[in-house]
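The file input-v5.pdb contains PDB, C-alpha atoms:
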```
MODEL        1
ATOM      1  CA  MET H 153    -163.550 192.526  82.022
ATOM      2  CA  THR H 154    -161.655 189.288  81.484
ATOM      3  CA  GLY H 155    -163.325 185.897  81.680
ATOM      4  CA  LEU H 156    -165.243 185.022  84.855
ATOM      5  CA  PRO H 157    -165.281 181.619  86.565
ATOM      6  CA  PHE H 158    -168.739 180.056  86.842
ATOM      7  CA  ILE H 159    -170.466 176.950  88.169
ATOM      8  CA  LYS H 160    -173.273 175.253  86.251
ATOM      9  CA  MET H 161    -175.878 173.780  88.624
ATOM     10  CA  HIS H 162    -179.406 172.469  88.459
ATOM     11  CA  GLY H 163    -182.308 171.526  90.693
ATOM     12  CA  LEU H 164    -184.393 168.837  88.960
ATOM     13  CA  GLY H 165    -183.256 170.149  85.584
ATOM     14  CA  ASN H 166    -184.062 173.811  86.339
ATOM     15  CA  ASP H 167    -180.545 175.025  85.530
ATOM     16  CA  PHE H 168    -178.385 177.944  86.598
ATOM     17  CA  VAL H 169    -175.105 179.619  85.817
ATOM     18  CA  VAL H 170    -173.640 180.777  89.140
ATOM     19  CA  ILE H 171    -171.054 183.556  89.378
ATOM     20  CA  ASP H 172    -169.400 184.088  92.760
ATOM     21  CA  ALA H 173    -168.752 187.821  93.127
ATOM     22  CA  ARG H 174    -168.560 187.948  96.925
ATOM     23  CA  ARG H 175    -164.935 189.056  96.844
ATOM     24  CA  ASP H 176    -165.095 190.922  93.541
ATOM     25  CA  PRO H 177    -167.865 193.565  93.380
ATOM     26  CA  ALA H 178    -166.753 194.506  89.870
ATOM     27  CA  ALA H 179    -167.800 191.047  88.680
ATOM     28  CA  ALA H 180    -171.341 191.633  89.922
ATOM     29  CA  GLN H 181    -171.501 195.006  88.171
ATOM     30  CA  ALA H 182    -170.310 193.430  84.925
ATOM     31  CA  VAL H 183    -173.359 191.192  84.625
ATOM     32  CA  GLY H 184    -176.450 193.155  83.606
ATOM     33  CA  PRO H 185    -179.530 192.255  81.544
ATOM     34  CA  ALA H 186    -177.675 192.033  78.210
ATOM     35  CA  GLN H 187    -174.911 189.857  79.640
ATOM     36  CA  ALA H 188    -177.458 187.615  81.349
ATOM     37  CA  ARG H 189    -179.275 187.059  78.057
ATOM     38  CA  ALA H 190    -176.008 186.225  76.296
ATOM     39  CA  ILE H 191    -174.912 183.759  78.977
ATOM     40  CA  ALA H 192    -178.356 182.115  79.133
ATOM     41  CA  ASP H 193    -178.553 181.545  75.380
ATOM     42  CA  ARG H 194    -178.397 177.768  74.818
ATOM     43  CA  ARG H 195    -176.859 178.067  71.344
ATOM     44  CA  THR H 196    -174.253 180.803  71.749
ATOM     45  CA  GLY H 197    -173.796 181.028  75.536
ATOM     46  CA  VAL H 198    -173.580 178.538  78.373
ATOM     47  CA  GLY H 199    -177.334 178.069  78.575
ATOM     48  CA  CYS H 200    -179.527 178.346  81.665
ATOM     49  CA  ASP H 201    -182.976 179.215  82.956
ATOM     50  CA  GLN H 202    -181.566 181.736  85.434
ATOM     51  CA  LEU H 203    -178.258 183.483  86.046
ATOM     52  CA  ILE H 204    -177.281 183.678  89.721
ATOM     53  CA  VAL H 205    -174.747 186.171  91.046
ATOM     54  CA  LEU H 206    -173.508 185.652  94.617
ATOM     55  CA  GLU H 207    -172.605 188.898  96.356
ATOM     56  CA  ALA H 208    -171.337 189.795  99.806
ATOM     57  CA  PRO H 209    -174.270 190.034 102.228
ATOM     58  CA  PRO H 210    -175.475 193.604 102.748
ATOM     59  CA  ASP H 211    -176.206 192.991 106.436
ATOM     60  CA  ALA H 212    -172.706 192.268 107.763
ATOM     61  CA  GLY H 213    -172.708 192.991 111.481
ATOM     62  CA  ALA H 214    -176.481 192.677 111.813
ATOM     63  CA  THR H 215    -178.159 190.159 114.115
ATOM     64  CA  ASP H 216    -179.533 188.085 111.248
ATOM     65  CA  VAL H 217    -176.439 188.167 109.070
ATOM     66  CA  ALA H 218    -176.597 186.166 105.834
ATOM     67  CA  ASP H 219    -173.830 184.052 104.330
ATOM     68  CA  ALA H 220    -174.397 185.609 100.899
ATOM     69  CA  PHE H 221    -176.763 187.722  98.854
ATOM     70  CA  MET H 222    -178.257 185.938  95.837
ATOM     71  CA  ARG H 223    -179.133 188.077  92.801
ATOM     72  CA  ILE H 224    -181.370 186.337  90.249
ATOM     73  CA  ARG H 225    -181.820 187.133  86.571
ATOM     74  CA  ASN H 226    -184.121 185.175  84.274
ATOM     75  CA  ALA H 227    -183.026 184.061  80.829
ATOM     76  CA  ASP H 228    -184.627 187.207  79.379
ATOM     77  CA  GLY H 229    -182.318 189.368  81.538
ATOM     78  CA  GLY H 230    -184.997 190.551  83.938
ATOM     79  CA  GLU H 231    -184.212 190.535  87.645
ATOM     80  CA  VAL H 232    -186.578 188.641  89.963
ATOM     81  CA  ASP H 233    -186.851 188.345  93.722
ATOM     82  CA  ALA H 234    -187.081 184.604  94.334
ATOM     83  CA  CYS H 235    -186.191 181.192  92.904
ATOM     84  CA  GLY H 236    -186.647 178.081  95.025
ATOM     85  CA  ASN H 237    -184.496 175.676  93.003
ATOM     86  CA  ALA H 238    -181.668 178.214  92.823
ATOM     87  CA  THR H 239    -181.882 178.707  96.592
ATOM     88  CA  ARG H 240    -181.348 174.974  97.087
ATOM     89  CA  CYS H 241    -178.345 175.025  94.743
ATOM     90  CA  ILE H 242    -176.733 178.025  96.420
ATOM     91  CA  GLY H 243    -177.544 176.489  99.774
ATOM     92  CA  ALA H 244    -175.697 173.313  98.791
ATOM     93  CA  LEU H 245    -172.646 175.397  97.810
ATOM     94  CA  LEU H 246    -172.646 177.317 101.093
ATOM     95  CA  LEU H 247    -173.144 174.188 103.200
ATOM     96  CA  ALA H 248    -170.219 172.494 101.454
ATOM     97  CA  GLU H 249    -168.093 175.624 101.818
ATOM     98  CA  THR H 250    -168.759 176.154 105.527
ATOM     99  CA  GLY H 251    -169.237 172.582 106.688
ATOM    100  CA  ARG H 252    -172.237 173.727 108.716
ATOM    101  CA  GLU H 253    -175.677 172.140 108.860
ATOM    102  CA  THR H 254    -177.482 175.387 107.998
ATOM    103  CA  ALA H 255    -176.832 178.552 105.992
ATOM    104  CA  ARG H 256    -178.704 181.787 105.369
ATOM    105  CA  ILE H 257    -179.187 183.449 102.000
ATOM    106  CA  ARG H 258    -180.358 187.022 101.550
ATOM    107  CA  THR H 259    -182.586 187.593  98.504
ATOM    108  CA  ALA H 260    -184.670 190.518  97.329
ATOM    109  CA  ALA H 261    -187.642 188.600  98.771
ATOM    110  CA  GLY H 262    -186.055 188.284 102.226
ATOM    111  CA  LEU H 263    -183.771 186.072 104.293
ATOM    112  CA  LEU H 264    -184.013 182.321 103.608
ATOM    113  CA  THR H 265    -182.577 179.507 105.728
ATOM    114  CA  VAL H 266    -181.321 176.291 104.119
ATOM    115  CA  ALA H 267    -180.375 173.027 105.824
ATOM    116  CA  ARG H 268    -179.000 169.627 104.942
ATOM    117  CA  ALA H 269    -181.726 167.022 104.516
ATOM    118  CA  ALA H 270    -181.423 163.298 105.170
ATOM    119  CA  ARG H 271    -182.108 161.157 102.110
ATOM    120  CA  ASP H 272    -183.965 158.477 104.020
ATOM    121  CA  GLY H 273    -186.489 160.792 105.643
ATOM    122  CA  ALA H 274    -186.899 163.885 103.535
ATOM    123  CA  GLY H 275    -189.527 162.549 101.178
ATOM    124  CA  ALA H 276    -187.693 163.660  98.039
ATOM    125  CA  ALA H 277    -185.213 160.923  97.257
ATOM    126  CA  ASP H 278    -182.529 161.011  94.578
ATOM    127  CA  ARG H 279    -184.649 159.048  92.117
ATOM    128  CA  ASP H 280    -182.610 159.989  89.065
ATOM    129  CA  GLY H 281    -179.474 158.163  90.103
ATOM    130  CA  ASP H 282    -177.345 161.276  90.359
ATOM    131  CA  GLY H 283    -175.551 159.671  93.281
ATOM    132  CA  ALA H 284    -172.908 161.489  95.260
ATOM    133  CA  GLY H 285    -173.019 164.523  92.985
ATOM    134  CA  THR H 286    -176.467 165.453  94.257
ATOM    135  CA  ASP H 287    -177.208 167.085  97.609
ATOM    136  CA  LEU H 288    -180.602 167.035  99.272
ATOM    137  CA  VAL H 289    -181.461 170.422 100.759
ATOM    138  CA  THR H 290    -184.400 171.853 102.696
ATOM    139  CA  VAL H 291    -185.267 175.539 102.344
ATOM    140  CA  ASP H 292    -187.490 177.532 104.681
ATOM    141  CA  MET H 293    -189.314 179.515 101.986
ATOM    142  CA  GLY H 294    -191.128 181.740 104.481
ATOM    143  CA  GLU H 295    -194.825 182.571 104.638
ATOM    144  CA  PRO H 296    -197.031 182.597 101.535
ATOM    145  CA  ARG H 297    -198.875 185.795 100.700
ATOM    146  CA  PHE H 298    -202.495 185.794  99.619
ATOM    147  CA  GLU H 299    -203.430 189.500  99.707
ATOM    148  CA  TRP H 300    -204.225 190.737  96.208
ATOM    149  CA  ASP H 301    -201.886 193.754  96.470
ATOM    150  CA  ARG H 302    -198.977 191.685  97.805
ATOM    151  CA  ILE H 303    -199.019 189.031  95.066
ATOM    152  CA  PRO H 304    -199.507 191.563  93.324
ATOM    153  CA  LEU H 305    -202.671 191.747  91.227
ATOM    154  CA  SER H 306    -203.868 194.839  89.399
ATOM    155  CA  VAL H 307    -207.374 194.720  90.918
ATOM    156  CA  GLU H 308    -208.784 193.818  94.315
ATOM    157  CA  THR H 309    -210.263 190.343  94.005
ATOM    158  CA  ASP H 310    -210.630 186.945  95.661
ATOM    159  CA  THR H 311    -207.185 185.381  95.245
ATOM    160  CA  LEU H 312    -208.569 181.880  95.740
ATOM    161  CA  HIS H 313    -210.696 182.213  92.591
ATOM    162  CA  LEU H 314    -209.386 184.605  89.932
ATOM    163  CA  ASP H 315    -211.663 185.624  87.078
ATOM    164  CA  LEU H 316    -209.127 184.476  84.497
ATOM    165  CA  ALA H 317    -209.411 181.950  81.673
ATOM    166  CA  ARG H 318    -207.661 180.900  78.459
ATOM    167  CA  GLY H 319    -208.881 177.980  76.398
ATOM    168  CA  PRO H 320    -209.427 174.996  78.716
ATOM    169  CA  LEU H 321    -207.830 176.774  81.706
ATOM    170  CA  ALA H 322    -210.010 178.740  84.136
ATOM    171  CA  ASP H 323    -210.502 179.725  87.799
ATOM    172  CA  PRO H 324    -206.915 179.758  89.095
ATOM    173  CA  ALA H 325    -205.798 180.466  92.659
ATOM    174  CA  ALA H 326    -203.071 183.066  93.190
ATOM    175  CA  ALA H 327    -200.337 183.332  95.791
ATOM    176  CA  SER H 328    -196.885 184.816  96.214
ATOM    177  CA  MET H 329    -193.807 182.960  97.411
ATOM    178  CA  GLY H 330    -191.686 186.064  96.920
ATOM    179  CA  ASN H 331    -192.870 186.092  93.297
ATOM    180  CA  PRO H 332    -196.376 185.902  91.776
ATOM    181  CA  HIS H 333    -197.987 182.559  90.918
ATOM    182  CA  ALA H 334    -201.324 181.463  89.494
ATOM    183  CA  THR H 335    -202.277 177.781  89.827
ATOM    184  CA  PHE H 336    -204.860 176.170  87.541
ATOM    185  CA  PHE H 337    -206.252 172.838  88.793
ATOM    186  CA  VAL H 338    -206.979 170.392  85.965
ATOM    187  CA  ASP H 339    -207.870 166.751  85.367
ATOM    188  CA  ASP H 340    -204.874 166.041  83.112
ATOM    189  CA  ALA H 341    -201.758 168.215  83.332
ATOM    190  CA  GLU H 342    -199.988 166.311  80.573
ATOM    191  CA  SER H 343    -202.445 167.080  77.784
ATOM    192  CA  LEU H 344    -202.686 170.859  78.150
ATOM    193  CA  PRO H 345    -200.722 173.101  75.740
ATOM    194  CA  ILE H 346    -198.997 175.099  78.465
ATOM    195  CA  SER H 347    -196.330 176.346  76.039
ATOM    196  CA  VAL H 348    -199.114 178.050  74.079
ATOM    197  CA  LEU H 349    -201.295 179.244  76.956
ATOM    198  CA  GLY H 350    -198.474 180.112  79.366
ATOM    199  CA  PRO H 351    -197.153 183.187  77.507
ATOM    200  CA  GLU H 352    -200.669 184.639  77.204
ATOM    201  CA  LEU H 353    -201.514 184.082  80.872
ATOM    202  CA  GLU H 354    -198.122 185.288  82.116
ATOM    203  CA  THR H 355    -198.734 188.714  80.595
ATOM    204  CA  ASP H 356    -202.446 189.085  81.369
ATOM    205  CA  PRO H 357    -203.236 192.624  82.644
ATOM    206  CA  ILE H 358    -204.288 191.214  86.019
ATOM    207  CA  PHE H 359    -200.575 190.562  86.713
ATOM    208  CA  PRO H 360    -198.763 193.940  86.776
ATOM    209  CA  GLU H 361    -195.403 192.186  87.291
ATOM    210  CA  ARG H 362    -196.327 189.201  85.081
ATOM    211  CA  ALA H 363    -196.783 185.812  86.760
ATOM    212  CA  ASN H 364    -195.630 182.221  86.851
ATOM    213  CA  ILE H 365    -198.370 179.922  85.557
ATOM    214  CA  GLY H 366    -198.844 176.478  87.106
ATOM    215  CA  VAL H 367    -201.032 173.652  85.814
ATOM    216  CA  ALA H 368    -201.679 171.176  88.632
ATOM    217  CA  GLN H 369    -203.334 167.760  88.729
ATOM    218  CA  ILE H 370    -204.181 166.278  92.132
ATOM    219  CA  LEU H 371    -203.129 162.603  92.140
ATOM    220  CA  ALA H 372    -203.792 161.943  95.837
ATOM    221  CA  PRO H 373    -204.248 164.024  99.003
ATOM    222  CA  ASP H 374    -200.464 164.060  99.354
ATOM    223  CA  ARG H 375    -199.348 163.961  95.714
ATOM    224  CA  MET H 376    -199.630 166.391  92.794
ATOM    225  CA  ARG H 377    -198.474 166.565  89.172
ATOM    226  CA  LEU H 378    -197.329 170.074  88.240
ATOM    227  CA  ARG H 379    -196.043 171.854  85.148
ATOM    228  CA  VAL H 380    -194.981 175.505  85.327
ATOM    229  CA  TRP H 381    -194.540 178.216  82.743
ATOM    230  CA  GLU H 382    -192.030 180.580  84.387
ATOM    231  CA  ARG H 383    -192.134 184.275  83.579
ATOM    232  CA  GLY H 384    -189.005 185.240  81.705
ATOM    233  CA  ALA H 385    -187.825 181.633  81.331
ATOM    234  CA  GLY H 386    -190.643 179.635  79.736
ATOM    235  CA  LEU H 387    -191.554 176.020  80.464
ATOM    236  CA  THR H 388    -188.909 174.640  82.831
ATOM    237  CA  PRO H 389    -188.409 171.082  84.119
ATOM    238  CA  ALA H 390    -189.104 172.266  87.674
ATOM    239  CA  CYS H 391    -190.029 175.407  89.593
ATOM    240  CA  GLY H 392    -189.461 175.470  93.351
ATOM    241  CA  THR H 393    -191.579 178.499  94.204
ATOM    242  CA  GLY H 394    -194.226 177.209  91.778
ATOM    243  CA  ALA H 395    -194.357 173.899  93.665
ATOM    244  CA  CYS H 396    -194.737 175.773  96.950
ATOM    245  CA  ALA H 397    -197.505 177.989  95.588
ATOM    246  CA  ALA H 398    -199.369 175.069  93.989
ATOM    247  CA  ALA H 399    -199.236 172.974  97.164
ATOM    248  CA  VAL H 400    -200.430 175.875  99.294
ATOM    249  CA  ASN H 401    -203.220 176.736  96.851
ATOM    250  CA  ALA H 402    -204.355 173.093  96.774
ATOM    251  CA  ALA H 403    -204.545 173.037 100.571
ATOM    252  CA  ARG H 404    -206.423 176.358 100.607
ATOM    253  CA  ARG H 405    -209.050 174.890  98.298
ATOM    254  CA  GLY H 406    -209.367 171.722 100.330
ATOM    255  CA  LEU H 407    -208.027 169.576  97.498
ATOM    256  CA  ALA H 408    -205.041 168.186  99.412
ATOM    257  CA  GLY H 409    -203.246 168.143 102.736
ATOM    258  CA  ARG H 410    -200.509 170.508 103.877
ATOM    259  CA  ARG H 411    -197.616 168.146 103.082
ATOM    260  CA  MET H 412    -197.296 167.049  99.472
ATOM    261  CA  THR H 413    -194.964 165.429  96.998
ATOM    262  CA  VAL H 414    -195.013 167.568  93.870
ATOM    263  CA  VAL H 415    -194.075 165.705  90.681
ATOM    264  CA  MET H 416    -192.611 167.870  87.919
ATOM    265  CA  ASP H 417    -190.985 167.075  84.598
ATOM    266  CA  GLY H 418    -187.545 167.017  86.218
ATOM    267  CA  GLY H 419    -188.427 165.072  89.358
ATOM    268  CA  GLU H 420    -190.022 165.448  92.775
ATOM    269  CA  LEU H 421    -190.059 168.025  95.569
ATOM    270  CA  THR H 422    -191.565 167.682  99.024
ATOM    271  CA  ILE H 423    -193.540 170.738 100.153
ATOM    272  CA  ASP H 424    -194.572 171.087 103.806
ATOM    273  CA  TRP H 425    -196.853 174.004 104.771
ATOM    274  CA  ARG H 426    -196.475 173.839 108.521
ATOM    275  CA  ALA H 427    -198.733 175.027 111.322
ATOM    276  CA  ASP H 428    -196.575 178.135 111.841
ATOM    277  CA  ASN H 429    -197.572 179.195 108.270
ATOM    278  CA  ARG H 430    -194.061 178.709 106.904
ATOM    279  CA  VAL H 431    -193.462 176.623 103.774
ATOM    280  CA  TYR H 432    -190.556 174.170 103.679
ATOM    281  CA  MET H 433    -189.282 172.767 100.401
ATOM    282  CA  THR H 434    -186.997 169.705 100.174
ATOM    283  CA  GLY H 435    -185.300 168.499  97.030
ATOM    284  CA  PRO H 436    -182.008 167.824  95.248
ATOM    285  CA  ALA H 437    -179.324 170.242  94.070
ATOM    286  CA  ALA H 438    -176.546 169.162  91.712
ATOM    287  CA  THR H 439    -173.380 170.589  90.150
ATOM    288  CA  SER H 440    -173.027 169.862  86.428
ATOM    289  CA  PHE H 441    -169.659 171.434  85.586
ATOM    290  CA  THR H 442    -167.434 174.479  86.080
ATOM    291  CA  GLY H 443    -165.812 176.781  83.569
ATOM    292  CA  THR H 444    -164.822 180.323  82.639
ATOM    293  CA  LEU H 445    -167.054 182.752  80.766
ATOM    294  CA  ASP H 446    -165.467 184.175  77.648
ATOM    295  CA  ALA H 447    -165.023 187.937  77.844
ATOM    296  CA  ALA H 448    -167.186 188.283  74.701
ATOM    297  CA  LEU H 449    -170.233 187.181  76.719
ATOM    298  CA  LEU H 450    -169.620 190.040  79.137
ATOM    299  CA  ALA H 451    -169.298 192.787  76.550
TER
ENDMDL
END
```

Representation of the structure as structure tokens:
Amino acid sequence: MTGLPFIKMHGLGNDFVVIDARRDPAAAQAVGPAQARAIADRRTGVGCDQLIVLEAPPDAGATDVADAFMRIRNADGGEVDACGNATRCIGALLLAETGRETARIRTAAGLLTVARAARDGAGAADRDGDGAGTDLVTVDMGEPRFEWDRIPLSVETDTLHLDLARGPLADPAAASMGNPHATFFVDDAESLPISVLGPELETDPIFPERANIGVAQILAPDRMRLRVWERGAGLTPACGTGACAAAVNAARRGLAGRRMTVVMDGGELTIDWRADNRVYMTGPAATSFTGTLDAALLA
């Protein structure tokens, strides 16, 4: 396999290497766990939190045909079903490519719809001064799942109050947004050693598929501070599905309303858990640069 073209993108600093293999199935087959780890390495590869491979949609000819299938691998090479920030980035690419106002992306977690969002009314402005290089995108993330076996958890339990604790963290709420999340509500999200506690909680036996660990501080009924330890990627500047799960869990506990601004290290997302039980996420997506992967990274 010779070098492959790629696009480097990010959503609030949560960064991705994107390979477009829609017209070249061999390119998709060339990128497995080992190649993903090599590409994601920030010293010897390109560097990213997740590697995204775009493939031709598997449902061509179906009623709900997608524009592309999005395959997601974490920096550790493991494949996962969902990534909210990556969905916004891929959505921005597809919207620019087609010129349409909406696009549909097939993932292992299901079919997701993305749409252009207006900067003056979306609630997640381009506060970092990225300017014209940043698109604002809304993603219909679907319905959250609260059943213990659909998150999944290893034991039947109350998902609003898990019997789980490490150090100062205790009593999280669990939910799935296509991937498992546990949200701990705290008084001060900044002071907690999430880089120490995150790896232990991620791999607790209660999570058979591991879990993303969120530490959330309620600032107001419509505003939250959130830091997320992502399974397979570590502490990232932002986590889209983590923001969705944290906002939903806060509303379930009566700590906040159903529409929230979630403030993460990389910036802000607007999460709207609507009356139809679907969660909508609005935030920026940006292209950093393009390039070609050296064949040595694909060996």

Which neighbours of range 229-239 of chain H fall inside 6 Å, counting only C-alpha atoms, when residues of the same chain fewer than 5 positions from it are skipped, and could you give them as a VMD selection string?
chain H and resid 163 185 188 to 189 224 260 to 261 330 392 to 393

Please report, as AutoDock Vina command-line options, the centre and edge lengths in Å to one decimal of an axis-aligned box covering all listed atoms of range 387-400 of chain H with 6 Å per side.
```
--center_x -194.4 --center_y 174.8 --center_z 89.9 --size_x 24.0 --size_y 19.4 --size_z 30.8
```

Can you work out the spacing between CA of Ala192 in chain H and CA of Leu387 in chain H in Å, to one decimal?
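These atoms are spaced 14.6 Å apart.
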
Reference answer for the PyMOL selection byres ((chain H and resi 176) around 12), as a list in words
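Residues picked by the PyMOL selection byres ((chain H and resi 176) around 12): Met153, Leu156, Pro157, Ile171, Asp172, Ala173, Arg174, Arg175, Pro177, Ala178, Ala179, Ala180, Gln181, Ala182, Val205, Leu206, Glu207 and Ala208 of chain H.
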
Please write the residues picked by the PyMOL selection byres ((chain H and resi 394) around 8) on this file as a PyMOL selection string.
chain H and resi 333+364-366+380+391-393+395-398

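Here the residues that fall within 9 Å of (-183.9, 171.9, 88.2), using all atoms listed in the file, are given as Met161, His162, Gly163, Leu164, Gly165, Asn166, Asp167, Phe168, Asn237, Ala238, Thr388, Pro389, Ala390, Cys391, Gly392, Gly418, Gly419, Pro436, Ala437 and Ala438 of chain H.
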
Counting all atoms listed in the file, what is within 10 Å of Phe441 in chain H, bar same-chain residues fewer than 4 positions away, as a PyMOL selection string?
chain H and resi 158-161+169

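Closest approach to Val400 in chain H from the set H:Leu344, H:Leu421, H:Met329, H:Ala372 is made by H:Met329, with distances taken over only C-alpha atoms.
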
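Between Gly406 in chain H and the candidates H:Ile370, H:Ala322, H:Leu378, H:Leu449, the tightest atom-to-atom separation, counting only C-alpha atoms, involves H:Ile370.
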